[in-house]
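Engineer: Here it is, the structure in full.
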Amino acid sequence: MGGLILDSARSLAGGQAVTPGKAWFENDRFGMFIHFGLYSLGARHEWLQHREEIAPDLYAKYFENFDPDLYDPREWARRAREAGMKYVVLTAKHHEGFCLWDSKFTDYKATNTPYGKDLLKPYVEAFRAEGLKVGFYYSLIDWHHPQFPIDGIHPLRNHPDALEMNKSRDVRHYAQYMRDQVTELLTEFGDISVIWFDFSYPKREYRGMPGKGRLDWESEELIGLVRKLQPDIIVGDRLDLPTDGNFPKDLATPEQYTPRIAPTANGKPVRWEVCHTFSGSWGYHRDEQSWKDAPQLINILIDAVSLGGNLLMNVGPTARGAFDKRAITALETYGEWLRLNGRAIYGAGPSSFVAPSGTRFTQRGNRLYVHVQNWPFRHIHIEGLGGKVKYAQLLHDASEIHWLDPEAEVDSNIGVAVGHNILTLELPVLKPDVVVPVVELILKD
Ligand code: GLC
């Protein structure tokens, strides 16, 4: 077996100190992202205020009509658990600045809307009750706060008086506001496992208005506060902090693409999580047609885990606070697949064997999982595995799979594929009725 196992601790051992309080992350592999806010009423992308340049007084119509009467976080949590998700991250505040909890530092919060109640406490309790770890997303950007200087992504960026208005805005007050709110989030809701800050854009200058980064957010102070309040929390990497400073990258967060190789920081392995949407936007989007199909959903998860990463998959609930039918179907796709194939995901990570084309490998101890993303005709040939396999089966139904092992026998009818050190799996001609079938190989010790 020598050198094959890449368990969660060792996959980070290259450079990062392995913190026991964070080890759950590489074991759990799959989480739910939830984007919920005033933009859910607009139902046409969570950036609608930016895209349509909606001034705060007009955007107020969503605040005045925010009433998620079907909000039942126990239902969200149950669906997340049944989908096989093990942790959750909810937008406590998104770029629009609206807060889902009863923050002392703003009036722009759920308790002042027709709904009239805090959404965050019930969320935290409901997900914990289903056994999921709980996280918060907190936007660094804030299009509502009066001290947040207008910049190139702000809805007022093209206002004729933008530069003039900025004279009375002081980002230092805003940085303090963030620390006050983050203190609330990390002291009033118990143990929080993840905090996801979003995002920095120091180089995006627009019409004489600079972008924003660590000097504006006072990122070092902010992360210092986070570390002090919740030492084991995993912190997203969008604070624009130098990775070689006092705060090494805790969580790399590639977004809406599949990395070709695992992300690194300073040439060393780093904890990472890719985030994706079901249909393109993060907030509920009524008219979007680009929903991913079942193989895409499952392959996104497999691709991440095979490279040592997690998947944070997003749901955008409707403005009534419910999951839309299409989201439920997608969640069920995950649930069904993971019920039978979870063994190849949870606690699994990359393998040092090289997966042949059309497949991905994950590995946990002496179990090597061949995710057959592209079902071939009868055979898969795997280099480097000749003589190493003790038993093979399809994972979803534990049905035996035969193989040709050149160290034991050579079958000239198989032709070029049989060579020294190559294992040839014999698959049924018909692809089993599983979105992505997985072959479990039990390796010799
Ligand atoms: C982007 C978007 C945002 C979304 C986030 C999730 O940074 O600004 O709308 O919340 O990605 O990764």
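Letters A, B, ... go to the chains of the structure tokens in the order shown; residues in each chain start at 1; ligands are counted from 1 in the same order.
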As an mmCIF file with all heavy atoms, in the first residue's frame, please: the residues near region 245-258 of chain A (cut-off 6 Å, only C-alpha atoms, same-chain neighbours under 6 positions excluded).
Structural biologist:
```cif
data_model
loop_
_atom_site.group_PDB
_atom_site.id
_atom_site.type_symbol
_atom_site.label_atom_id
_atom_site.label_comp_id
_atom_site.auth_asym_id
_atom_site.auth_seq_id
_atom_site.Cartn_x
_atom_site.Cartn_y
_atom_site.Cartn_z
ATOM 1 N N VAL A 235 -11.913 29.985 8.052
ATOM 2 C CA VAL A 235 -12.156 31.326 7.517
ATOM 3 C C VAL A 235 -11.884 31.348 6.009
ATOM 4 O O VAL A 235 -10.780 31.005 5.564
ATOM 5 C CB VAL A 235 -11.246 32.368 8.218
ATOM 6 C CG1 VAL A 235 -11.629 33.786 7.787
ATOM 7 C CG2 VAL A 235 -11.328 32.231 9.736
ATOM 8 N N GLY A 236 -12.861 31.770 5.237
ATOM 9 C CA GLY A 236 -12.714 31.891 3.780
ATOM 10 C C GLY A 236 -11.635 32.900 3.419
ATOM 11 O O GLY A 236 -11.313 33.789 4.198
ATOM 12 N N ASP A 237 -11.109 32.765 2.197
ATOM 13 C CA ASP A 237 -9.871 33.485 1.848
ATOM 14 C C ASP A 237 -10.079 34.761 1.036
ATOM 15 O O ASP A 237 -9.188 35.165 0.310
ATOM 16 C CB ASP A 237 -8.956 32.546 1.058
ATOM 17 C CG ASP A 237 -9.549 32.177 -0.298
ATOM 18 O OD1 ASP A 237 -10.761 32.422 -0.514
ATOM 19 O OD2 ASP A 237 -8.805 31.658 -1.144
ATOM 20 N N ARG A 271 -6.293 23.821 2.356
ATOM 21 C CA ARG A 271 -7.685 23.357 2.466
ATOM 22 C C ARG A 271 -8.511 24.113 1.413
ATOM 23 O O ARG A 271 -8.330 25.304 1.238
ATOM 24 C CB ARG A 271 -8.185 23.663 3.880
ATOM 25 C CG ARG A 271 -9.627 23.270 4.130
ATOM 26 C CD ARG A 271 -10.065 23.626 5.541
ATOM 27 N NE ARG A 271 -9.255 22.979 6.548
ATOM 28 C CZ ARG A 271 -8.369 23.593 7.319
ATOM 29 N NH1 ARG A 271 -8.188 24.890 7.225
ATOM 30 N NH2 ARG A 271 -7.665 22.927 8.201
ATOM 31 N N TRP A 272 -9.398 23.432 0.729
ATOM 32 C CA TRP A 272 -10.190 24.146 -0.272
ATOM 33 C C TRP A 272 -11.569 23.553 -0.473
ATOM 34 O O TRP A 272 -11.823 22.409 -0.144
ATOM 35 C CB TRP A 272 -9.445 24.265 -1.595
ATOM 36 C CG TRP A 272 -9.188 22.988 -2.350
ATOM 37 C CD1 TRP A 272 -8.178 22.100 -2.113
ATOM 38 C CD2 TRP A 272 -9.927 22.466 -3.459
ATOM 39 N NE1 TRP A 272 -8.244 21.065 -3.010
ATOM 40 C CE2 TRP A 272 -9.304 21.271 -3.851
ATOM 41 C CE3 TRP A 272 -11.042 22.899 -4.172
ATOM 42 C CZ2 TRP A 272 -9.759 20.485 -4.915
ATOM 43 C CZ3 TRP A 272 -11.507 22.133 -5.234
ATOM 44 C CH2 TRP A 272 -10.858 20.931 -5.590
ATOM 45 N N GLU A 273 -12.381 24.418 -1.038
ATOM 46 C CA GLU A 273 -13.784 24.092 -1.261
ATOM 47 C C GLU A 273 -14.223 24.836 -2.516
ATOM 48 O O GLU A 273 -14.027 26.043 -2.612
ATOM 49 C CB GLU A 273 -14.549 24.604 -0.042
ATOM 50 C CG GLU A 273 -16.043 24.678 -0.150
ATOM 51 C CD GLU A 273 -16.605 25.496 1.010
ATOM 52 O OE1 GLU A 273 -16.548 26.745 0.952
ATOM 53 O OE2 GLU A 273 -17.069 24.892 1.977
ATOM 54 N N VAL A 274 -14.795 24.108 -3.455
ATOM 55 C CA VAL A 274 -15.329 24.779 -4.635
ATOM 56 C C VAL A 274 -16.806 25.056 -4.364
ATOM 57 O O VAL A 274 -17.477 24.268 -3.699
ATOM 58 C CB VAL A 274 -15.116 23.902 -5.898
ATOM 59 C CG1 VAL A 274 -15.923 22.620 -5.857
ATOM 60 C CG2 VAL A 274 -15.427 24.668 -7.171
ATOM 61 N N CYS A 275 -17.300 26.217 -4.814
ATOM 62 C CA CYS A 275 -18.730 26.477 -4.623
ATOM 63 C C CYS A 275 -19.404 26.577 -5.988
ATOM 64 O O CYS A 275 -18.815 27.082 -6.946
ATOM 65 C CB CYS A 275 -18.972 27.710 -3.769
ATOM 66 S SG CYS A 275 -18.134 29.194 -4.329
ATOM 67 N N HIS A 276 -20.601 26.049 -6.044
ATOM 68 C CA HIS A 276 -21.346 26.005 -7.300
ATOM 69 C C HIS A 276 -22.817 26.330 -7.063
ATOM 70 O O HIS A 276 -23.310 26.243 -5.938
ATOM 71 C CB HIS A 276 -21.276 24.596 -7.908
ATOM 72 C CG HIS A 276 -20.010 24.317 -8.658
ATOM 73 N ND1 HIS A 276 -19.806 24.742 -9.939
ATOM 74 C CD2 HIS A 276 -18.887 23.630 -8.306
ATOM 75 C CE1 HIS A 276 -18.608 24.332 -10.360
ATOM 76 N NE2 HIS A 276 -18.031 23.664 -9.381
#
```
Engineer: Kindly provide the residues of chain A that approach ligand 1 to within 10 Å, each paired with its closest atom pair and their distance in Å to one decimal, based on only C-alpha atoms and all ligand atoms, listed by chain and increasing number, as a tab-separated table.
Structural biologist:
```
residue	atom	partner	partner_atom_place_in_ligand_line	distance
A:Phe33	CA	ligand 1	6 (C)	8.5
A:Ile34	CA	ligand 1	10 (O)	9.1
A:His35	CA	ligand 1	10 (O)	7.0
A:Phe36	CA	ligand 1	10 (O)	9.9
A:His45	CA	ligand 1	9 (O)	8.2
A:Glu46	CA	ligand 1	9 (O)	5.9
A:Trp47	CA	ligand 1	9 (O)	6.2
A:Leu48	CA	ligand 1	9 (O)	9.9
A:Leu90	CA	ligand 1	10 (O)	9.9
A:Thr91	CA	ligand 1	10 (O)	7.8
A:Lys93	CA	ligand 1	10 (O)	9.8
A:His94	CA	ligand 1	10 (O)	6.9
A:His95	CA	ligand 1	8 (O)	7.3
A:Glu96	CA	ligand 1	9 (O)	9.8
A:Tyr137	CA	ligand 1	10 (O)	8.1
A:Tyr138	CA	ligand 1	10 (O)	9.2
A:Ser139	CA	ligand 1	10 (O)	7.9
A:Ile141	CA	ligand 1	8 (O)	8.8
A:Trp196	CA	ligand 1	12 (O)	8.8
A:Phe197	CA	ligand 1	7 (O)	9.3
A:Asp198	CA	ligand 1	7 (O)	5.9
A:Phe199	CA	ligand 1	7 (O)	6.0
A:Ser200	CA	ligand 1	7 (O)	8.9
A:Arg238	CA	ligand 1	7 (O)	8.8
A:Thr253	CA	ligand 1	12 (O)	7.5
A:Pro254	CA	ligand 1	12 (O)	7.9
A:Glu255	CA	ligand 1	12 (O)	5.6
A:Gln256	CA	ligand 1	12 (O)	7.9
A:Val274	CA	ligand 1	12 (O)	8.7
A:Cys275	CA	ligand 1	12 (O)	6.1
A:His276	CA	ligand 1	12 (O)	7.7
A:Thr277	CA	ligand 1	6 (C)	8.8
A:Ser281	CA	ligand 1	9 (O)	7.6
A:Trp282	CA	ligand 1	9 (O)	6.1
A:Gly283	CA	ligand 1	9 (O)	7.6
A:Leu312	CA	ligand 1	12 (O)	9.3
A:Asn314	CA	ligand 1	6 (C)	8.6
```
Engineer: Just list the residues in region 16-165 of chain A DSSP gives helix (DSSP H, G or I) on the backbone, as a PyMOL selection string.
Structural biologist: chain A and resi 20-22+24-28+39-42+48-51+56-64+73-82+110-112+120-129+162-165
Engineer: Find the distance between CA of Leu301 (chain A) and CA of Tyr334 (chain A) and write it in Å to one decimal.
Structural biologist: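 Distance reported for this atom pair: 9.2 Å.
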Engineer: CA of Gln176 (chain A) and CA of Glu205 (chain A), how far apart in Å?
Structural biologist: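 Those two atoms sit 23.4 Å apart.
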Engineer: Need to verify the contact set: Asp405 (chain A), 8 Å, only C-alpha atoms, exclusion of same-chain residues closer than 5 positions in sequence. Can you return it as a ChimeraX atom specification?
Structural biologist: /A:386-387,410,422-424
Engineer: Write the residues of the preceding selection, restricted to all heavy atoms, as a PDB file, in the first residue's frame.
Structural biologist:
```
ATOM      1  N   GLY A 386      -1.775  -3.476 -11.484  1.00  0.00           N
ATOM      2  CA  GLY A 386      -1.609  -4.914 -11.696  1.00  0.00           C
ATOM      3  C   GLY A 386      -1.115  -5.600 -10.431  1.00  0.00           C
ATOM      4  O   GLY A 386      -0.184  -5.135  -9.785  1.00  0.00           O
ATOM      5  N   GLY A 387      -1.807  -6.659 -10.039  1.00  0.00           N
ATOM      6  CA  GLY A 387      -1.379  -7.441  -8.878  1.00  0.00           C
ATOM      7  C   GLY A 387      -1.713  -6.814  -7.540  1.00  0.00           C
ATOM      8  O   GLY A 387      -1.381  -7.355  -6.489  1.00  0.00           O
ATOM      9  N   VAL A 410      -2.325 -13.767 -18.381  1.00  0.00           N
ATOM     10  CA  VAL A 410      -2.236 -12.852 -19.515  1.00  0.00           C
ATOM     11  C   VAL A 410      -3.207 -13.354 -20.567  1.00  0.00           C
ATOM     12  O   VAL A 410      -3.157 -14.500 -20.990  1.00  0.00           O
ATOM     13  CB  VAL A 410      -0.803 -12.805 -20.085  1.00  0.00           C
ATOM     14  CG1 VAL A 410      -0.777 -11.970 -21.360  1.00  0.00           C
ATOM     15  CG2 VAL A 410       0.149 -12.248 -19.051  1.00  0.00           C
ATOM     16  N   ILE A 422      -0.793  -3.548 -15.555  1.00  0.00           N
ATOM     17  CA  ILE A 422      -2.106  -2.974 -15.892  1.00  0.00           C
ATOM     18  C   ILE A 422      -3.212  -3.895 -15.400  1.00  0.00           C
ATOM     19  O   ILE A 422      -3.179  -5.100 -15.622  1.00  0.00           O
ATOM     20  CB  ILE A 422      -2.241  -2.766 -17.417  1.00  0.00           C
ATOM     21  CG1 ILE A 422      -1.282  -1.652 -17.855  1.00  0.00           C
ATOM     22  CG2 ILE A 422      -3.668  -2.400 -17.811  1.00  0.00           C
ATOM     23  CD1 ILE A 422      -1.323  -1.361 -19.326  1.00  0.00           C
ATOM     24  N   LEU A 423      -4.169  -3.307 -14.735  1.00  0.00           N
ATOM     25  CA  LEU A 423      -5.337  -4.047 -14.280  1.00  0.00           C
ATOM     26  C   LEU A 423      -6.474  -3.751 -15.247  1.00  0.00           C
ATOM     27  O   LEU A 423      -6.704  -2.592 -15.593  1.00  0.00           O
ATOM     28  CB  LEU A 423      -5.710  -3.557 -12.876  1.00  0.00           C
ATOM     29  CG  LEU A 423      -6.972  -4.146 -12.269  1.00  0.00           C
ATOM     30  CD1 LEU A 423      -6.603  -5.354 -11.413  1.00  0.00           C
ATOM     31  CD2 LEU A 423      -7.703  -3.122 -11.436  1.00  0.00           C
ATOM     32  N   THR A 424      -7.187  -4.785 -15.657  1.00  0.00           N
ATOM     33  CA  THR A 424      -8.308  -4.560 -16.571  1.00  0.00           C
ATOM     34  C   THR A 424      -9.605  -4.978 -15.894  1.00  0.00           C
ATOM     35  O   THR A 424      -9.800  -6.145 -15.561  1.00  0.00           O
ATOM     36  CB  THR A 424      -8.098  -5.349 -17.880  1.00  0.00           C
ATOM     37  OG1 THR A 424      -6.923  -4.832 -18.523  1.00  0.00           O
ATOM     38  CG2 THR A 424      -9.280  -5.190 -18.813  1.00  0.00           C
TER      39      THR A 424
END
```
Engineer: Using only C-alpha atoms, which of the listed residues (A:Asn341, A:Asn366, A:Ser279, A:Thr264) sits closest to Arg326 (chain A)?
Structural biologist: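 Counting only C-alpha atoms, the residue closest to Arg326 (chain A) is A:Ser279.
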Engineer: Counting only C-alpha atoms, figure out which residue out of A:Gly152, A:Thr243, A:Gly190, A:Gly224 gets nearest to Pro210 (chain A).
Structural biologist: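 Of A:Gly152, A:Thr243, A:Gly190, A:Gly224, the one nearest Pro210 (chain A), counting only C-alpha atoms, is A:Gly152.
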Engineer: Would you mind listing what lies within 12 Å of Tyr115 (chain A) as a list of chain:residue names, with only C-alpha atoms counted and same-chain residues fewer than 5 positions away left out?
Structural biologist: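 Selected residues are A:Leu38, A:Tyr62, A:Phe63, A:Glu64, A:Asn65, A:Phe66, A:Asp67, A:Pro68, A:Asp69, A:Leu70, A:Tyr71, A:Leu100, A:Trp101, A:Lys109, A:Ala110, A:Ala319, A:Arg320, A:Gly321.
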Engineer: Counting only C-alpha atoms, which residue out of A:Pro122, A:Ala162, A:Gly37, A:Asp151 sits closest to Tyr108 (chain A)?
Structural biologist: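 Among A:Pro122, A:Ala162, A:Gly37, A:Asp151, it is A:Gly37 that comes nearest to Tyr108 (chain A).
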Engineer: Need to verify the contact set: region 180-187 of chain A, 8 Å, only C-alpha atoms, exclusion of same-chain residues closer than 3 positions in sequence. Can you return it as an mmCIF file with C-alpha atoms, in the first residue's frame?
Structural biologist:
```
data_model
loop_
_atom_site.group_PDB
_atom_site.id
_atom_site.type_symbol
_atom_site.label_atom_id
_atom_site.label_comp_id
_atom_site.auth_asym_id
_atom_site.auth_seq_id
_atom_site.Cartn_x
_atom_site.Cartn_y
_atom_site.Cartn_z
ATOM 1 C CA SER A 103 -28.243 43.151 14.795
ATOM 2 C CA PHE A 105 -25.869 47.975 14.751
ATOM 3 C CA GLN A 176 -15.766 49.016 12.755
ATOM 4 C CA TYR A 177 -19.376 48.181 11.862
ATOM 5 C CA GLY A 190 -22.791 29.191 19.741
ATOM 6 C CA ASP A 191 -20.029 27.325 17.904
ATOM 7 C CA ILE A 192 -19.750 28.467 14.315
ATOM 8 C CA LEU A 225 -11.043 39.128 16.100
ATOM 9 C CA VAL A 226 -12.520 36.068 14.425
ATOM 10 C CA LEU A 229 -13.740 34.619 19.317
ATOM 11 C CA GLN A 230 -13.795 31.188 17.642
#
```
Engineer: Please measure the separation of CA of Asp142 (chain A) and CA of Val194 (chain A), giving the value in Å to one decimal.
Structural biologist: 20.4 Å
Engineer: Would you please extract all strand (DSSP E or B) residues from region 154-291 of chain A, as assigned by DSSP on the backbone, and give them as a ChimeraX atom specification?
Structural biologist: /A:194-198,206,209,234-235,252,255,264-265,268-269,272-276,285
Engineer: Please identify all polymer residues within 7 Å of region 123-136 of chain A, counting only C-alpha atoms, omitting same-chain residues fewer than 4 positions from it, and present them as a list in words.
Structural biologist: Pro73, Arg74, Ala77, Arg78, Arg81, Lys86, Tyr87, Val88, Val89, Leu90, Thr91, Ala92, Leu119, Ile192, Ser193, Val194, Ile195 and Trp196 of chain A
